[in-house]
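These notes concern the structure reproduced below.
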Amino acid sequence: MVTPSEVTPAPATQPPKRASAPGPDVPRIVPRRHLGRWATAAAALLLFAMVLNSVVRNDAFQWSVVGRYFTTAAVLDGLLLSLWLTAVVMVLGFLLGTVLAVMRLSANPVLRTLSWGYVWIFRSTPLLVQLLFWFNIGALYPTLGLGMPFGPQFLTVKTVNLLGPTLTAVIGLTLHETAYAAEVVRGGILSVDPGQTEAAQALGLSRRRTLRRIVVPQAMRSIVPTAGNMLIGTLKGTSIVSVLAVHDLLYSVQLIYNQTYQVIPLLMVATLWYIAVTTVLSAGQFHVERYYARGDSRTLPPTPLQRLRGHLTAVRHRLSAATAADARPAIGGDR
């Protein structure tokens, strides 16, 4: 039996010791100076300021003329037609390109060969040549008919009356865009892990449903960046239809400077509108990419506003740390 005197008392728990504040003799950690980085940034800013100054203060640009014609009815009508052409061509091009991509990945050798041949022909021919070919299609086919093969025609239409400049531009741009869209969609589908398709087949899903619900949503992560570049390229590529006398943005400003002989300021009007629309499309592309990146990464890429807030917060913390470090020796001396 253990007597109470034999029981050793438990040691009293002592509170943890607080870390003593660093004294004035403790060296302060100074971050590394990136002199080369700051020198390069200063040189780049100086060069940018010189270029900007030469553009703003150059009287040959005639900025007053640019401001006068920037929102005129003719220019805005041309801009709307360019945007309409871009939207129609992109929608039709990716719809037909998706069909060609599926044909290219099909087990049917005939469909694979036809899809490959289409992409080969339209990627090998310059866009201007294709537009001029479709514009002069009446020389090859004066009339188009609907009827029985090798039999009577029920409906006959003259090609000259059927294909105007705008419709010719839509056909030429769409067929050209389809070839590139097919390769973009095919590359996106091939980027998906084959195990996803095998798992869908094990669950009994049909090939069409597997493609629509499993493969294509995952392929969008690879399709969207290239599709965004194609969208911007198509917007700028619509300017080539001015050779067909289609009243797009470039052709509209050409009509104006052919009368006023103010070539440079009118070209600047078109350039500024292309820059503005391209900026909006680039911002939309960023948010679409961010949307489809949800299942690929745990943290979404920050938006420009979030990145700016992060930089401001980091600068604020650095200033607070520097202020506290400078005030620390004075406080220690007072003690």
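Please note that chains go A, B, ... in the order of the structure tokens, that every chain numbers its residues from 1, and that ligands are numbered from 1 in the order shown.
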For this session: Name all residues at most 12 Å from range 106-113 of chain A (count only C-alpha atoms; drop same-chain ones fewer than 6 positions away) and give them as a VMD selection string.
Result: chain A and resid 99 to 100 119 to 120 186 207
Residues near Ile214 in chain A, cut-off 12 Å, only C-alpha atoms, skip fewer than 3 positions along chain, as an mmCIF file with N, CA, C and O atoms, in the first residue's frame:
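Dumped everything to part-v1.cif:
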data_model
loop_
_atom_site.group_PDB
_atom_site.id
_atom_site.type_symbol
_atom_site.label_atom_id
_atom_site.label_comp_id
_atom_site.auth_asym_id
_atom_site.auth_seq_id
_atom_site.Cartn_x
_atom_site.Cartn_y
_atom_site.Cartn_z
ATOM 1 N N ILE A 189 -10.171 16.973 -79.011
ATOM 2 C CA ILE A 189 -10.708 15.643 -78.701
ATOM 3 C C ILE A 189 -9.574 14.666 -78.401
ATOM 4 O O ILE A 189 -9.665 13.845 -77.478
ATOM 5 N N VAL A 192 -8.061 14.533 -74.769
ATOM 6 C CA VAL A 192 -8.780 13.895 -73.662
ATOM 7 C C VAL A 192 -8.235 12.486 -73.457
ATOM 8 O O VAL A 192 -7.986 11.747 -74.418
ATOM 9 N N ASP A 193 -8.061 12.105 -72.216
ATOM 10 C CA ASP A 193 -7.541 10.776 -71.872
ATOM 11 C C ASP A 193 -8.461 9.691 -72.425
ATOM 12 O O ASP A 193 -9.685 9.739 -72.209
ATOM 13 N N PRO A 194 -7.927 8.700 -73.166
ATOM 14 C CA PRO A 194 -8.788 7.626 -73.680
ATOM 15 C C PRO A 194 -9.520 6.856 -72.591
ATOM 16 O O PRO A 194 -10.548 6.222 -72.850
ATOM 17 N N GLY A 195 -9.005 6.898 -71.369
ATOM 18 C CA GLY A 195 -9.682 6.206 -70.276
ATOM 19 C C GLY A 195 -11.068 6.765 -70.002
ATOM 20 O O GLY A 195 -11.946 6.042 -69.497
ATOM 21 N N GLN A 196 -11.298 8.039 -70.326
ATOM 22 C CA GLN A 196 -12.621 8.615 -70.156
ATOM 23 C C GLN A 196 -13.632 7.940 -71.079
ATOM 24 O O GLN A 196 -14.757 7.612 -70.674
ATOM 25 N N THR A 197 -13.230 7.705 -72.314
ATOM 26 C CA THR A 197 -14.115 7.017 -73.258
ATOM 27 C C THR A 197 -14.342 5.570 -72.848
ATOM 28 O O THR A 197 -15.465 5.046 -72.948
ATOM 29 N N GLU A 198 -13.295 4.913 -72.390
ATOM 30 C CA GLU A 198 -13.442 3.522 -71.955
ATOM 31 C C GLU A 198 -14.371 3.421 -70.748
ATOM 32 O O GLU A 198 -15.189 2.485 -70.658
ATOM 33 N N ALA A 199 -14.270 4.365 -69.823
ATOM 34 C CA ALA A 199 -15.165 4.353 -68.664
ATOM 35 C C ALA A 199 -16.609 4.585 -69.088
ATOM 36 O O ALA A 199 -17.538 3.966 -68.550
ATOM 37 N N ALA A 200 -16.822 5.480 -70.060
ATOM 38 C CA ALA A 200 -18.185 5.725 -70.542
ATOM 39 C C ALA A 200 -18.745 4.489 -71.242
ATOM 40 O O ALA A 200 -19.929 4.149 -71.078
ATOM 41 N N GLN A 201 -17.916 3.803 -72.001
ATOM 42 C CA GLN A 201 -18.378 2.568 -72.637
ATOM 43 C C GLN A 201 -18.690 1.492 -71.617
ATOM 44 O O GLN A 201 -19.635 0.710 -71.783
ATOM 45 N N LEU A 205 -22.819 3.930 -72.038
ATOM 46 C CA LEU A 205 -23.196 5.132 -72.759
ATOM 47 C C LEU A 205 -22.921 4.973 -74.248
ATOM 48 O O LEU A 205 -21.948 4.330 -74.649
ATOM 49 N N SER A 206 -23.772 5.551 -75.043
ATOM 50 C CA SER A 206 -23.590 5.482 -76.487
ATOM 51 C C SER A 206 -22.425 6.371 -76.900
ATOM 52 O O SER A 206 -21.980 7.238 -76.162
ATOM 53 N N ARG A 207 -21.941 6.149 -78.133
ATOM 54 C CA ARG A 207 -20.805 6.924 -78.618
ATOM 55 C C ARG A 207 -21.174 8.400 -78.751
ATOM 56 O O ARG A 207 -20.374 9.274 -78.425
ATOM 57 N N ARG A 208 -22.387 8.685 -79.229
ATOM 58 C CA ARG A 208 -22.799 10.075 -79.400
ATOM 59 C C ARG A 208 -22.911 10.778 -78.039
ATOM 60 O O ARG A 208 -22.465 11.919 -77.884
ATOM 61 N N ARG A 209 -23.485 10.110 -77.065
ATOM 62 C CA ARG A 209 -23.630 10.731 -75.748
ATOM 63 C C ARG A 209 -22.278 10.880 -75.065
ATOM 64 O O ARG A 209 -22.045 11.861 -74.359
ATOM 65 N N THR A 210 -21.396 9.916 -75.261
ATOM 66 C CA THR A 210 -20.056 10.031 -74.695
ATOM 67 C C THR A 210 -19.319 11.229 -75.268
ATOM 68 O O THR A 210 -18.651 11.975 -74.548
ATOM 69 N N LEU A 211 -19.481 11.425 -76.577
ATOM 70 C CA LEU A 211 -18.815 12.559 -77.212
ATOM 71 C C LEU A 211 -19.396 13.883 -76.725
ATOM 72 O O LEU A 211 -18.650 14.840 -76.465
ATOM 73 N N PRO A 217 -16.833 18.400 -73.361
ATOM 74 C CA PRO A 217 -16.598 19.339 -72.250
ATOM 75 C C PRO A 217 -15.160 19.349 -71.749
ATOM 76 O O PRO A 217 -14.646 20.403 -71.357
ATOM 77 N N GLN A 218 -14.501 18.179 -71.743
ATOM 78 C CA GLN A 218 -13.107 18.155 -71.317
ATOM 79 C C GLN A 218 -12.178 18.692 -72.395
ATOM 80 O O GLN A 218 -11.123 19.261 -72.092
ATOM 81 N N ALA A 219 -12.559 18.508 -73.656
ATOM 82 C CA ALA A 219 -11.731 19.008 -74.747
ATOM 83 C C ALA A 219 -11.779 20.521 -74.864
ATOM 84 O O ALA A 219 -10.897 21.118 -75.492
ATOM 85 N N MET A 220 -12.785 21.155 -74.262
ATOM 86 C CA MET A 220 -12.921 22.601 -74.378
ATOM 87 C C MET A 220 -11.734 23.327 -73.754
ATOM 88 O O MET A 220 -11.414 24.455 -74.150
#
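Residues within 12 Å of Thr72 in chain A, counting only C-alpha atoms and excluding same-chain residues fewer than 3 positions away, are Val65, Val66, Gly67, Arg68, Tyr69, Val75, Leu76, Asp77, Gly78, Leu79, Leu249, Ser252, Val253, Ile256, Leu266, Val269 and Ala270 of chain A.
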For this session: Could you pull out the residues in range 73-213 of chain A that DSSP calls alpha helix (DSSP H) from the backbone, as a PyMOL selection string?
Result: chain A and resi 73-104+109-124+127-135+159-162+165-190+194-202+207-210
Exercise. Using only C-alpha atoms, which of the listed residues (A:Ala169, A:Ala283, A:Leu231, A:Val224) sits closest to Leu128 in chain A?
Worked result: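 Among the listed residues, the smallest separation from Leu128 in chain A belongs to A:Ala169.
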Exercise. So which residues touch Met90 in chain A within 8 Å, counting only C-alpha atoms, skipping near sequence neighbours fewer than 3 positions away, as a list in words?
Worked result: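 That gives Thr86, Ala87, Gly93, Phe94, Thr174, Glu177, Leu231 and Thr234 of chain A.
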Once you have the residues from the selection above, write them out as a CSV table (one decimal), in the first residue's frame, restricted to all heavy atoms.
chain,number,residue,atom,x,y,z
A,86,THR,N,-18.1,38.2,-88.6
A,86,THR,CA,-17.3,37.4,-87.7
A,86,THR,C,-18.1,36.3,-86.9
A,86,THR,O,-17.7,35.2,-86.8
A,86,THR,CB,-16.6,38.3,-86.7
A,86,THR,OG1,-15.8,39.2,-87.4
A,86,THR,CG2,-15.7,37.5,-85.8
A,87,ALA,N,-19.3,36.8,-86.4
A,87,ALA,CA,-20.1,35.9,-85.7
A,87,ALA,C,-20.7,34.7,-86.6
A,87,ALA,O,-20.6,33.5,-86.2
A,87,ALA,CB,-21.3,36.6,-85.1
A,93,GLY,N,-18.5,27.9,-89.1
A,93,GLY,CA,-17.2,27.3,-89.3
A,93,GLY,C,-17.0,26.2,-88.2
A,93,GLY,O,-16.5,25.1,-88.5
A,94,PHE,N,-17.3,26.5,-87.0
A,94,PHE,CA,-17.1,25.5,-85.9
A,94,PHE,C,-18.2,24.3,-86.0
A,94,PHE,O,-17.9,23.2,-85.6
A,94,PHE,CB,-17.1,26.1,-84.5
A,94,PHE,CG,-15.7,26.5,-84.1
A,94,PHE,CD1,-15.2,27.7,-84.4
A,94,PHE,CD2,-14.9,25.6,-83.4
A,94,PHE,CE1,-13.9,28.0,-84.1
A,94,PHE,CE2,-13.6,25.9,-83.0
A,94,PHE,CZ,-13.1,27.2,-83.4
A,174,THR,N,-16.4,31.1,-94.5
A,174,THR,CA,-16.9,29.9,-93.7
A,174,THR,C,-16.1,28.7,-94.1
A,174,THR,O,-15.7,27.9,-93.3
A,174,THR,CB,-18.4,29.7,-93.9
A,174,THR,OG1,-19.1,30.9,-93.4
A,174,THR,CG2,-18.9,28.5,-93.1
A,177,GLU,N,-12.6,28.9,-92.8
A,177,GLU,CA,-12.6,28.7,-91.4
A,177,GLU,C,-12.9,27.3,-90.9
A,177,GLU,O,-12.3,26.8,-89.9
A,177,GLU,CB,-13.6,29.7,-90.7
A,177,GLU,CG,-13.3,30.0,-89.3
A,177,GLU,CD,-12.2,31.0,-89.1
A,177,GLU,OE1,-11.8,31.6,-90.1
A,177,GLU,OE2,-11.8,31.1,-87.9
A,231,LEU,N,-11.0,33.5,-83.5
A,231,LEU,CA,-12.0,34.5,-83.5
A,231,LEU,C,-11.5,35.9,-83.7
A,231,LEU,O,-12.0,36.6,-84.6
A,231,LEU,CB,-12.8,34.5,-82.1
A,231,LEU,CG,-13.8,35.6,-81.9
A,231,LEU,CD1,-14.9,35.4,-82.9
A,231,LEU,CD2,-14.4,35.5,-80.5
A,234,THR,N,-10.3,36.0,-87.3
A,234,THR,CA,-11.4,36.1,-88.2
A,234,THR,C,-11.9,37.6,-88.3
A,234,THR,O,-12.3,38.1,-89.3
A,234,THR,CB,-12.6,35.2,-87.8
A,234,THR,OG1,-12.1,33.8,-87.8
A,234,THR,CG2,-13.7,35.3,-88.8
Exercise. For Met103 in chain A, which of A:Ala42, A:Val185, A:Met268, A:Ile232 is the closest residue, counting only C-alpha atoms?
Worked result: A:Val185
For this session: Please report, as an MDAnalysis selection string, each residue of range 62-298 of chain A to which DSSP assigns strand (DSSP E or B) when run on this structure's backbone.
Result: chainID A and resid 143:147 153:158
Exercise. Can you tell me, as a PyMOL selection string, what residues are no more than 9 Å from Val184 in chain A when counting only C-alpha atoms, ignoring any on the same chain fewer than 6 positions away?
Worked result: chain A and resi 97-98+101+222-223+226-227
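The space separating CA of Asn229 in chain A from CA of Tyr251 in chain A comes to 23.5 Å.
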For this session: Would you please work out which residue, of A:Asn161, A:Thr303, A:Gln262, A:Thr271, is nearest to Phe135 in chain A when using only C-alpha atoms?
Result: A:Asn161
Exercise. Could you state the separation of CA of Leu255 in chain A and CA of Leu85 in chain A in Å, given to one decimal place?
Worked result: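 Distance reported for this atom pair: 19.4 Å.
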